[in-house]
>>> print(open('start.txt').read())   # compact mmCIF, C-alpha atoms
# COMPACT_ATOMS: atom_id res chain seq x y z
CA MET J 1 68.17 109.93 115.26
CA ASN J 2 70.50 110.38 112.32
CA ASN J 3 73.48 108.94 114.15
CA LEU J 4 76.28 106.86 112.67
CA THR J 5 78.66 104.66 114.63
CA PRO J 6 82.09 103.70 113.26
CA ARG J 7 82.77 100.04 112.69
CA PRO J 8 86.16 98.39 112.14
CA LEU J 9 87.58 98.68 108.62
CA THR J 10 87.87 95.24 107.02
CA PRO J 11 88.22 94.23 103.36
CA ASP J 12 84.92 92.37 103.39
CA ALA J 13 82.92 95.17 104.98
CA PHE J 14 84.51 97.70 102.61
CA SER J 15 84.37 95.69 99.39
CA ALA J 16 81.35 97.49 97.92
CA TYR J 17 83.22 100.81 98.13
CA GLY J 18 86.82 99.94 97.42
CA GLU J 19 89.83 98.12 98.76
CA VAL J 20 91.66 98.23 102.07
CA LEU J 21 95.33 99.08 101.51
CA GLU J 22 97.26 97.13 104.11
CA THR J 23 99.83 94.38 104.54
CA SER J 24 97.51 92.18 106.57
CA GLY J 25 96.08 89.29 104.59
CA HIS J 26 98.58 89.66 101.75
CA GLN J 27 101.53 87.41 100.98
CA PRO J 28 104.80 89.36 100.66
CA ILE J 29 107.78 88.67 98.44
CA ALA J 30 111.15 88.78 100.22
CA ILE J 31 113.57 91.15 98.47
CA ASN J 32 116.92 92.75 99.27
CA ASN J 33 118.44 89.52 100.62
CA GLY J 34 115.49 89.00 102.92
CA ASN J 35 115.75 92.40 104.56
CA CYS J 36 112.54 93.71 103.03
CA GLN J 37 109.07 92.24 102.53
CA ARG J 38 107.35 93.56 99.42
CA PHE J 39 103.52 93.54 99.51
CA SER J 40 102.95 94.13 95.86
CA ASP J 41 100.22 95.82 93.86
CA LEU J 42 97.67 96.01 96.66
CA VAL J 43 94.91 98.05 95.00
CA SER J 44 93.32 98.48 91.59
CA LEU J 45 94.14 101.88 90.15
CA ASP J 46 91.33 102.89 87.79
CA ILE J 47 92.41 106.17 86.24
CA ASP J 48 90.64 107.72 83.27
CA ARG J 49 92.79 107.82 80.15
CA SER J 50 92.11 111.53 79.77
CA GLY J 51 94.66 112.04 82.56
CA LYS J 52 97.23 110.05 84.48
CA ALA J 53 97.87 108.56 87.92
CA GLY J 54 99.84 110.85 90.20
CA VAL J 55 101.36 110.77 93.66
CA SER J 56 100.29 113.55 96.03
CA LEU J 57 100.55 114.35 99.73
CA PHE J 58 97.51 115.50 101.74
CA ASP J 59 98.10 117.37 105.00
CA ALA J 60 94.83 117.35 106.93
CA LYS J 61 93.66 118.84 110.22
CA PRO J 62 91.81 116.62 112.68
CA TYR J 63 88.07 116.69 113.22
CA ALA J 64 86.50 116.88 116.66
CA ASP J 65 83.94 114.55 118.17
CA PRO J 66 81.04 114.47 117.42
CA LEU J 67 81.39 115.08 113.71
CA THR J 68 78.55 116.45 111.61
CA LEU J 69 78.51 114.76 108.20
CA ARG J 70 76.90 117.23 105.82
CA TYR J 71 78.04 115.88 102.46
CA VAL J 72 80.03 113.28 100.58
CA GLU J 73 81.91 113.49 97.31
CA ARG J 74 82.96 111.23 94.45
CA HIS J 75 85.46 111.34 91.61
CA PRO J 76 84.14 110.28 88.19
CA LEU J 77 87.59 110.20 86.60
CA GLY J 78 89.40 107.78 88.85
CA SER J 79 89.95 105.69 91.93
CA GLN J 80 91.61 107.40 94.88
CA ALA J 81 94.06 105.64 97.19
CA PHE J 82 95.08 106.93 100.62
CA PHE J 83 97.72 105.67 103.02
CA PRO J 84 98.49 107.28 106.39
CA THR J 85 101.96 108.14 107.67
CA SER J 86 101.11 107.17 111.21
CA THR J 87 99.19 104.44 112.99
CA ASP J 88 96.64 106.90 114.34
CA PRO J 89 93.12 105.69 113.57
CA TYR J 90 91.04 107.87 111.27
CA LEU J 91 87.51 107.72 109.93
CA ILE J 92 86.37 106.47 106.52
CA VAL J 93 82.90 107.49 105.39
CA VAL J 94 81.32 105.91 102.31
CA ALA J 95 77.82 105.79 100.90
CA ALA J 96 75.82 103.91 98.33
CA ASP J 97 74.40 105.58 95.24
CA SER J 98 70.76 105.79 94.24
CA ASP J 99 70.25 107.49 90.88
CA GLY J 100 73.04 109.98 91.52
CA ILE J 101 72.14 110.61 95.17
CA ALA J 102 74.30 109.36 98.05
CA VAL J 103 72.35 107.14 100.40
CA ASN J 104 72.97 104.93 103.42
CA PRO J 105 76.30 106.36 104.60
CA VAL J 106 78.44 104.09 106.72
CA VAL J 107 81.51 104.91 108.81
CA PHE J 108 84.62 102.84 109.36
CA VAL J 109 87.53 103.42 111.72
CA THR J 110 91.01 102.29 110.75
CA SER J 111 93.36 100.32 112.93
CA GLY J 112 97.09 100.80 112.55
CA TYR J 113 98.57 101.14 109.08
CA GLN J 114 95.40 100.86 107.01
CA GLY J 115 94.70 102.85 103.90
CA VAL J 116 91.87 102.61 101.40
CA ASN J 117 91.39 102.84 97.68
CA TYR J 118 87.95 104.19 96.82
CA HIS J 119 86.52 102.77 93.65
CA ARG J 120 86.07 105.32 90.90
CA ASN J 121 82.85 107.31 91.33
CA THR J 122 82.14 105.95 94.82
CA TRP J 123 80.63 108.35 97.34
CA HIS J 124 82.97 109.03 100.25
CA GLY J 125 83.60 111.58 102.96
CA VAL J 126 86.55 113.93 103.08
CA LEU J 127 89.84 112.81 104.58
CA THR J 128 89.09 112.60 108.30
CA PRO J 129 91.93 112.33 110.78
CA VAL J 130 90.61 112.50 114.33
CA VAL J 131 93.70 112.26 116.53
CA LYS J 132 96.05 114.94 115.18
CA ARG J 133 97.07 116.76 112.03
CA SER J 134 98.19 114.03 109.65
CA LEU J 135 99.96 113.49 106.36
CA PHE J 136 98.65 110.96 103.83
CA VAL J 137 100.10 109.59 100.61
CA VAL J 138 97.50 109.75 97.84
CA VAL J 139 97.44 108.15 94.39
CA ASP J 140 94.64 109.45 92.19
CA TYR J 141 93.66 111.03 88.90
CA ILE J 142 95.68 114.00 87.69
CA GLY J 143 94.39 115.86 84.67
CA GLU J 144 91.84 118.19 83.23
CA GLY J 145 88.11 117.67 83.50
CA ASP J 146 85.60 117.89 86.34
CA ASN J 147 86.60 115.16 88.74
CA LEU J 148 84.54 116.30 91.73
CA ASP J 149 80.89 115.55 92.37
CA GLU J 150 79.32 116.44 95.73
CA CYS J 151 76.08 115.33 97.37
CA HIS J 152 74.78 117.30 100.34
CA PHE J 153 72.45 115.53 102.73
CA ASP J 154 69.11 117.16 103.48
CA ASN J 155 69.54 116.05 107.07
CA PRO J 156 73.14 115.85 108.26
CA PHE J 157 74.38 112.77 110.07
CA ILE J 158 76.10 112.85 113.44
CA ILE J 159 79.14 110.62 113.88
CA ASP J 160 79.99 109.96 117.52
CA PHE J 161 83.43 108.39 117.59
CA SER J 162 84.19 108.85 121.28
CA ALA J 163 83.86 105.12 121.87
CA VAL J 164 86.47 104.14 119.26
CA ILE J 165 89.07 106.91 119.46
CA SER J 166 91.12 107.92 122.46
CA ARG J 167 92.77 111.23 121.75
CA MET E 1 139.54 104.69 101.91
CA ASN E 2 136.30 103.70 100.19
CA ASN E 3 134.15 105.62 102.66
CA LEU E 4 130.93 107.47 101.93
CA THR E 5 129.37 110.10 104.15
CA PRO E 6 125.63 110.91 103.99
CA ARG E 7 124.66 114.41 102.96
CA PRO E 8 121.24 116.04 103.40
CA LEU E 9 118.64 115.10 100.80
CA THR E 10 117.64 118.15 98.76
CA PRO E 11 115.92 118.39 95.36
CA ASP E 12 118.92 120.10 93.79
CA ALA E 13 121.47 117.59 95.05
CA PHE E 14 119.21 114.71 94.02
CA SER E 15 118.06 116.01 90.64
CA ALA E 16 120.39 113.84 88.55
CA TYR E 17 118.86 110.71 90.10
CA GLY E 18 115.23 111.56 90.63
CA GLU E 19 112.86 113.72 92.59
CA VAL E 20 112.39 114.35 96.29
CA LEU E 21 108.82 113.56 97.32
CA GLU E 22 107.91 116.09 100.01
CA THR E 23 105.58 118.97 100.78
CA SER E 24 108.41 121.45 101.31
CA GLY E 25 108.88 123.80 98.39
CA HIS E 26 105.52 122.97 96.82
CA GLN E 27 102.41 125.12 96.76
CA PRO E 28 99.34 123.29 98.09
CA ILE E 29 95.71 123.63 97.06
CA ALA E 30 93.25 124.03 99.93
CA ILE E 31 90.46 121.44 99.74
CA ASN E 32 87.70 120.18 102.05
CA ASN E 33 86.67 123.67 103.18
CA GLY E 34 90.25 124.53 104.04
CA ASN E 35 90.74 121.55 106.32
CA CYS E 36 93.21 119.82 104.01
CA GLN E 37 96.17 121.00 101.98
CA ARG E 38 96.68 119.02 98.78
CA PHE E 39 100.27 118.90 97.45
CA SER E 40 99.46 117.57 94.05
CA ASP E 41 101.30 115.38 91.54
CA LEU E 42 104.72 115.67 93.17
CA VAL E 43 106.74 113.24 91.08
CA SER E 44 106.97 112.05 87.48
CA LEU E 45 105.81 108.47 87.16
CA ASP E 46 107.57 106.89 84.20
CA ILE E 47 106.11 103.42 83.86
CA ASP E 48 106.71 101.22 80.83
CA ARG E 49 103.57 100.57 78.82
CA SER E 50 104.22 96.83 78.97
CA GLY E 51 102.91 97.01 82.55
CA LYS E 52 101.17 99.45 84.85
CA ALA E 53 101.79 101.63 87.90
CA GLY E 54 100.90 99.92 91.17
CA VAL E 55 100.78 100.77 94.85
CA SER E 56 102.75 98.50 97.16
CA LEU E 57 103.92 98.47 100.77
CA PHE E 58 107.53 97.62 101.69
CA ASP E 59 108.28 96.50 105.24
CA ALA E 60 112.04 96.79 105.77
CA LYS E 61 114.39 95.94 108.62
CA PRO E 62 116.92 98.56 109.71
CA TYR E 63 120.61 98.44 108.82
CA ALA E 64 123.36 98.89 111.40
CA ASP E 65 126.19 101.37 111.33
CA PRO E 66 128.59 101.19 109.56
CA LEU E 67 126.89 99.84 106.46
CA THR E 68 128.81 97.97 103.78
CA LEU E 69 127.51 98.93 100.33
CA ARG E 70 128.21 95.95 98.06
CA TYR E 71 125.86 96.65 95.18
CA VAL E 72 123.21 98.88 93.70
CA GLU E 73 120.26 98.09 91.46
CA ARG E 74 118.13 99.73 88.82
CA HIS E 75 114.76 99.16 87.19
CA PRO E 76 114.68 99.45 83.39
CA LEU E 77 110.89 99.35 83.21
CA GLY E 78 109.97 102.23 85.43
CA SER E 79 110.51 104.94 88.00
CA GLN E 80 110.14 103.94 91.65
CA ALA E 81 108.65 106.22 94.28
CA PHE E 82 109.03 105.69 98.03
CA PHE E 83 107.42 107.52 100.93
CA PRO E 84 108.02 106.66 104.59
CA THR E 85 105.32 106.22 107.22
CA SER E 86 107.39 107.85 109.93
CA THR E 87 109.72 110.80 110.26
CA ASP E 88 112.69 108.57 111.02
CA PRO E 89 115.61 109.47 108.77
CA TYR E 90 116.77 106.78 106.36
CA LEU E 91 119.54 106.51 103.80
CA ILE E 92 119.26 107.00 100.05
CA VAL E 93 122.12 105.63 97.93
CA VAL E 94 122.37 106.48 94.25
CA ALA E 95 125.09 106.18 91.64
CA ALA E 96 125.91 107.42 88.18
CA ASP E 97 126.15 105.11 85.18
CA SER E 98 129.16 104.55 82.97
CA ASP E 99 128.44 102.18 80.08
CA GLY E 100 126.19 99.99 82.21
CA ILE E 101 128.41 100.09 85.31
CA ALA E 102 127.45 101.98 88.46
CA VAL E 103 130.04 104.56 89.41
CA ASN E 104 130.49 107.35 91.94
CA PRO E 105 127.90 106.33 94.53
CA VAL E 106 126.63 109.06 96.80
CA VAL E 107 124.59 108.79 99.98
CA PHE E 108 121.82 111.06 101.22
CA VAL E 109 120.03 111.10 104.56
CA THR E 110 116.38 112.14 104.74
CA SER E 111 114.94 114.61 107.18
CA GLY E 112 111.36 114.19 108.34
CA TYR E 113 108.73 113.23 105.82
CA GLN E 114 110.87 112.95 102.70
CA GLY E 115 110.45 110.34 100.03
CA VAL E 116 112.11 109.94 96.67
CA ASN E 117 111.18 108.93 93.15
CA TYR E 118 114.10 107.30 91.38
CA HIS E 119 114.20 108.00 87.69
CA ARG E 120 113.69 104.92 85.54
CA ASN E 121 116.93 102.96 85.14
CA THR E 122 118.83 104.97 87.76
CA TRP E 123 121.26 103.07 89.97
CA HIS E 124 120.21 103.08 93.62
CA GLY E 125 120.73 101.17 96.82
CA VAL E 126 118.14 99.01 98.52
CA LEU E 127 115.59 100.54 100.87
CA THR E 128 117.67 101.48 103.91
CA PRO E 129 115.94 102.36 107.17
CA VAL E 130 118.50 102.85 109.92
CA VAL E 131 116.43 103.67 113.01
CA LYS E 132 113.87 100.87 113.20
CA ARG E 133 111.81 98.48 111.11
CA SER E 134 109.79 100.72 108.81
CA LEU E 135 106.90 100.64 106.38
CA PHE E 136 107.07 102.54 103.09
CA VAL E 137 104.47 103.28 100.43
CA VAL E 138 105.85 102.46 96.99
CA VAL E 139 104.57 103.32 93.52
CA ASP E 140 106.40 101.50 90.75
CA TYR E 141 106.15 99.23 87.72
CA ILE E 142 103.94 96.17 87.99
CA GLY E 143 104.11 93.70 85.15
CA GLU E 144 106.02 91.02 83.35
CA GLY E 145 109.55 91.45 82.11
CA ASP E 146 112.95 91.69 83.78
CA ASN E 147 112.80 94.90 85.79
CA LEU E 148 115.88 94.30 87.96
CA ASP E 149 119.48 95.02 87.03
CA GLU E 150 122.21 94.79 89.67
CA CYS E 151 125.76 96.07 89.73
CA HIS E 152 128.14 94.69 92.33
CA PHE E 153 131.13 96.82 93.27
CA ASP E 154 134.58 95.24 93.05
CA ASN E 155 135.46 97.07 96.21
CA PRO E 156 132.55 97.65 98.61
CA PHE E 157 131.97 101.07 100.08
CA ILE E 158 131.62 101.75 103.78
CA ILE E 159 128.89 104.15 104.88
CA ASP E 160 129.42 105.57 108.34
CA PHE E 161 126.21 107.27 109.37
CA SER E 162 126.89 107.59 113.09
CA ALA E 163 127.27 111.35 112.72
CA VAL E 164 123.85 111.87 111.14
CA ILE E 165 121.62 109.30 112.87
CA SER E 166 120.89 109.02 116.54
CA ARG E 167 119.20 105.71 117.19
>>> encode(input="start.txt", output="structure tokens")
Amino acid sequence: MNNLTPRPLTPDAFSAYGEVLETSGHQPIAINNGNCQRFSDLVSLDIDRSGKAGVSLFDAKPYADPLTLRYVERHPLGSQAFFPTSTDPYLIVVAADSDGIAVNPVVFVTSGYQGVNYHRNTWHGVLTPVVKRSLFVVVDYIGEGDNLDECHFDNPFIIDFSAVISR
Amino acid sequence: MNNLTPRPLTPDAFSAYGEVLETSGHQPIAINNGNCQRFSDLVSLDIDRSGKAGVSLFDAKPYADPLTLRYVERHPLGSQAFFPTSTDPYLIVVAADSDGIAVNPVVFVTSGYQGVNYHRNTWHGVLTPVVKRSLFVVVDYIGEGDNLDECHFDNPFIIDFSAVISR
């Protein structure tokens, strides 16, 4: 009975793990003679000074239902922000830490144009589109040093997302 | 006869003004057991140390054809990267500088998932979707200080994009 069920991604529910990157709930500034609404500085970039922040693109294949969650990862050298280039929902997996071990994983499902910014060194699952192959804009640490830590679960979790995703 | 015609956005044609933010032409790194291709660190962020780099979302209304280009702007305190959240083409206007005056504007049209990173202090037009209201991910300077310089043309330019955009 190691099953996980996705819940809606909201800033409050996600606050222990990072920030939700979205326009909702933020006050824009009108620019360009009112033609554009600027939602400014939406996440806290926390990038180790040994490197720099960089902009990357991630092109990821979709995962099928049900998904077996075997491990999570974290990045000691910086926060990691993702934003999708479509409104397709995708899954966000995060976990708490207990003395260097990932515990109590939880799963969120996005709605519309929602990204996330994982706090530095926060356990999270890999990028998980579930509708189709998808491109994401990513802002994270670029530099030398070991920025990847993985934790494999002794007993994998099963994520059944059939109830929240219609492919 | 102050007309401008959009040309395709390519890294070579754009190199005097900034970088094209795209996967094409870049070698990815396979991550997540081969499920994701990471196109890493695609643009040069050049952010003044008086502030910081930040991630923002711009929600812009579309412009109609033909477009009257009355002015361009530039940001003395940092580069400015844009990436679209759809494959709709949009227009990119840039101009050269002559002793603080914008000259010789040129217009590009994007194809698919193409963003740009304007070099710091490079003259450019406002964000210009032309198909529908569109959301863009933006990475630019966040901080105090006057980061906006505008140059209004004595004689506006007319951009006819009917040949390159089908709405």
>>> interface_residues(input="start.txt", of="chain E", to="chain J", cutoff="7 Å", atoms="only C-alpha atoms", output="PyMOL selection string")
chain E and resi 23+32+35-43+54-61+84-86+126+142
>>> write_last_selection(input="start.txt", atoms="C-alpha atoms", output="short mmCIF file (atom, residue, chain, number, x, y, z; two decimals), keeping the file's coordinate frame")
data_model
loop_
_atom_site.label_atom_id
_atom_site.label_comp_id
_atom_site.auth_asym_id
_atom_site.auth_seq_id
_atom_site.Cartn_x
_atom_site.Cartn_y
_atom_site.Cartn_z
CA THR E 23 105.58 118.97 100.78
CA ASN E 32 87.70 120.18 102.05
CA ASN E 35 90.74 121.55 106.32
CA CYS E 36 93.21 119.82 104.01
CA GLN E 37 96.17 121.00 101.98
CA ARG E 38 96.68 119.02 98.78
CA PHE E 39 100.27 118.90 97.45
CA SER E 40 99.46 117.57 94.05
CA ASP E 41 101.30 115.38 91.54
CA LEU E 42 104.72 115.67 93.17
CA VAL E 43 106.74 113.24 91.08
CA GLY E 54 100.90 99.92 91.17
CA VAL E 55 100.78 100.77 94.85
CA SER E 56 102.75 98.50 97.16
CA LEU E 57 103.92 98.47 100.77
CA PHE E 58 107.53 97.62 101.69
CA ASP E 59 108.28 96.50 105.24
CA ALA E 60 112.04 96.79 105.77
CA LYS E 61 114.39 95.94 108.62
CA PRO E 84 108.02 106.66 104.59
CA THR E 85 105.32 106.22 107.22
CA SER E 86 107.39 107.85 109.93
CA VAL E 126 118.14 99.01 98.52
CA ILE E 142 103.94 96.17 87.99
#
>>> residues_near_point(input="start.txt", point="(77.7, 107.9, 96.2)", cutoff="6 Å", atoms="all atoms listed in the file", output="MDAnalysis selection string")
chainID J and resid 95:97 102 122:123
>>> closest_residue(input="start.txt", among="J:Ser166, J:Asn2, J:Asn147, J:Ser24", to="Arg120 in chain J", atoms="only C-alpha atoms")
J:Asn147
>>> atom_distance(input="start.txt", atom1="CA of Ala16 in chain J", atom2="CA of Ile47 in chain J")
18.3 Å
>>> atom_distance(input="start.txt", atom1="CA of His119 in chain J", atom2="CA of Asn104 in chain J")
16.8 Å
>>> closest_residue(input="start.txt", among="E:Pro105, E:Pro129, E:Pro89, E:Gly100", to="Arg70 in chain E", atoms="only C-alpha atoms")
E:Pro105
>>> residues_around(input="start.txt", residues="Leu4 in chain E", least_positions_apart="5", cutoff="7 Å", atoms="all atoms listed in the file", output="PyMOL selection string")
chain E and resi 106-107+157-160
>>> atom_distance(input="start.txt", atom1="CA of Leu91 in chain E", atom2="CA of Asp12 in chain E")
16.9 Å
>>> closest_residue(input="start.txt", among="J:Val93, J:Tyr17, J:Asp65, J:Phe82", to="Gln114 in chain J", atoms="all atoms listed in the file")
J:Phe82
>>> closest_residue(input="start.txt", among="E:Asn155, E:Ser162, E:Asn3, E:Asn117", to="Val131 in chain E", atoms="only C-alpha atoms")
E:Ser162
>>> closest_residue(input="start.txt", among="E:Phe108, E:Phe153, E:Phe14, E:Tyr118", to="Val72 in chain E", atoms="only C-alpha atoms")
E:Phe153
>>> closest_residue(input="start.txt", among="E:Thr5, E:Ser50, E:Ser15, E:Thr110", to="Gly78 in chain E", atoms="all atoms listed in the file")
E:Ser50
>>> decode(input="start.txt", residues="range 3-20 of chain J", atoms="N, CA and C atoms", output="PDB file, in the first residue's frame")
ATOM      1  N   ASN J   3       0.964   3.676  -2.115  1.00  0.00           N
ATOM      2  CA  ASN J   3       0.412   4.476  -3.195  1.00  0.00           C
ATOM      3  C   ASN J   3       0.377   5.968  -2.861  1.00  0.00           C
ATOM      4  N   LEU J   4       0.606   6.781  -3.899  1.00  0.00           N
ATOM      5  CA  LEU J   4       0.535   8.227  -3.745  1.00  0.00           C
ATOM      6  C   LEU J   4      -0.498   8.780  -4.719  1.00  0.00           C
ATOM      7  N   THR J   5      -1.266   9.740  -4.250  1.00  0.00           N
ATOM      8  CA  THR J   5      -2.289  10.347  -5.095  1.00  0.00           C
ATOM      9  C   THR J   5      -1.983  11.828  -5.286  1.00  0.00           C
ATOM     10  N   PRO J   6      -1.952  12.300  -6.534  1.00  0.00           N
ATOM     11  CA  PRO J   6      -1.649  13.722  -6.762  1.00  0.00           C
ATOM     12  C   PRO J   6      -2.725  14.630  -6.183  1.00  0.00           C
ATOM     13  N   ARG J   7      -2.253  15.737  -5.630  1.00  0.00           N
ATOM     14  CA  ARG J   7      -3.155  16.768  -5.146  1.00  0.00           C
ATOM     15  C   ARG J   7      -2.867  18.063  -5.921  1.00  0.00           C
ATOM     16  N   PRO J   8      -3.810  18.991  -5.931  1.00  0.00           N
ATOM     17  CA  PRO J   8      -3.584  20.224  -6.702  1.00  0.00           C
ATOM     18  C   PRO J   8      -2.392  21.024  -6.167  1.00  0.00           C
ATOM     19  N   LEU J   9      -1.627  21.588  -7.087  1.00  0.00           N
ATOM     20  CA  LEU J   9      -0.459  22.407  -6.722  1.00  0.00           C
ATOM     21  C   LEU J   9      -0.917  23.802  -6.315  1.00  0.00           C
ATOM     22  N   THR J  10      -0.685  24.153  -5.067  1.00  0.00           N
ATOM     23  CA  THR J  10      -0.990  25.494  -4.572  1.00  0.00           C
ATOM     24  C   THR J  10       0.225  26.024  -3.809  1.00  0.00           C
ATOM     25  N   PRO J  11       0.385  27.335  -3.753  1.00  0.00           N
ATOM     26  CA  PRO J  11       1.536  27.902  -3.038  1.00  0.00           C
ATOM     27  C   PRO J  11       1.606  27.451  -1.579  1.00  0.00           C
ATOM     28  N   ASP J  12       0.468  27.407  -0.906  1.00  0.00           N
ATOM     29  CA  ASP J  12       0.485  27.003   0.500  1.00  0.00           C
ATOM     30  C   ASP J  12       0.932  25.555   0.666  1.00  0.00           C
ATOM     31  N   ALA J  13       0.344  24.674  -0.142  1.00  0.00           N
ATOM     32  CA  ALA J  13       0.668  23.253   0.004  1.00  0.00           C
ATOM     33  C   ALA J  13       2.119  22.974  -0.372  1.00  0.00           C
ATOM     34  N   PHE J  14       2.687  23.842  -1.230  1.00  0.00           N
ATOM     35  CA  PHE J  14       4.036  23.603  -1.749  1.00  0.00           C
ATOM     36  C   PHE J  14       5.108  24.358  -0.966  1.00  0.00           C
ATOM     37  N   SER J  15       4.714  25.186  -0.024  1.00  0.00           N
ATOM     38  CA  SER J  15       5.645  26.168   0.546  1.00  0.00           C
ATOM     39  C   SER J  15       6.842  25.535   1.261  1.00  0.00           C
ATOM     40  N   ALA J  16       6.710  24.325   1.750  1.00  0.00           N
ATOM     41  CA  ALA J  16       7.844  23.695   2.440  1.00  0.00           C
ATOM     42  C   ALA J  16       8.924  23.262   1.455  1.00  0.00           C
ATOM     43  N   TYR J  17       8.571  23.181   0.167  1.00  0.00           N
ATOM     44  CA  TYR J  17       9.483  22.634  -0.840  1.00  0.00           C
ATOM     45  C   TYR J  17       9.994  23.684  -1.826  1.00  0.00           C
ATOM     46  N   GLY J  18       9.234  24.759  -1.956  1.00  0.00           N
ATOM     47  CA  GLY J  18       9.627  25.781  -2.917  1.00  0.00           C
ATOM     48  C   GLY J  18       8.464  26.699  -3.225  1.00  0.00           C
ATOM     49  N   GLU J  19       8.536  27.335  -4.372  1.00  0.00           N
ATOM     50  CA  GLU J  19       7.516  28.318  -4.746  1.00  0.00           C
ATOM     51  C   GLU J  19       6.798  27.878  -6.013  1.00  0.00           C
ATOM     52  N   VAL J  20       5.543  28.239  -6.118  1.00  0.00           N
ATOM     53  CA  VAL J  20       4.813  28.025  -7.364  1.00  0.00           C
ATOM     54  C   VAL J  20       5.061  29.235  -8.260  1.00  0.00           C
TER      55      VAL J  20
END
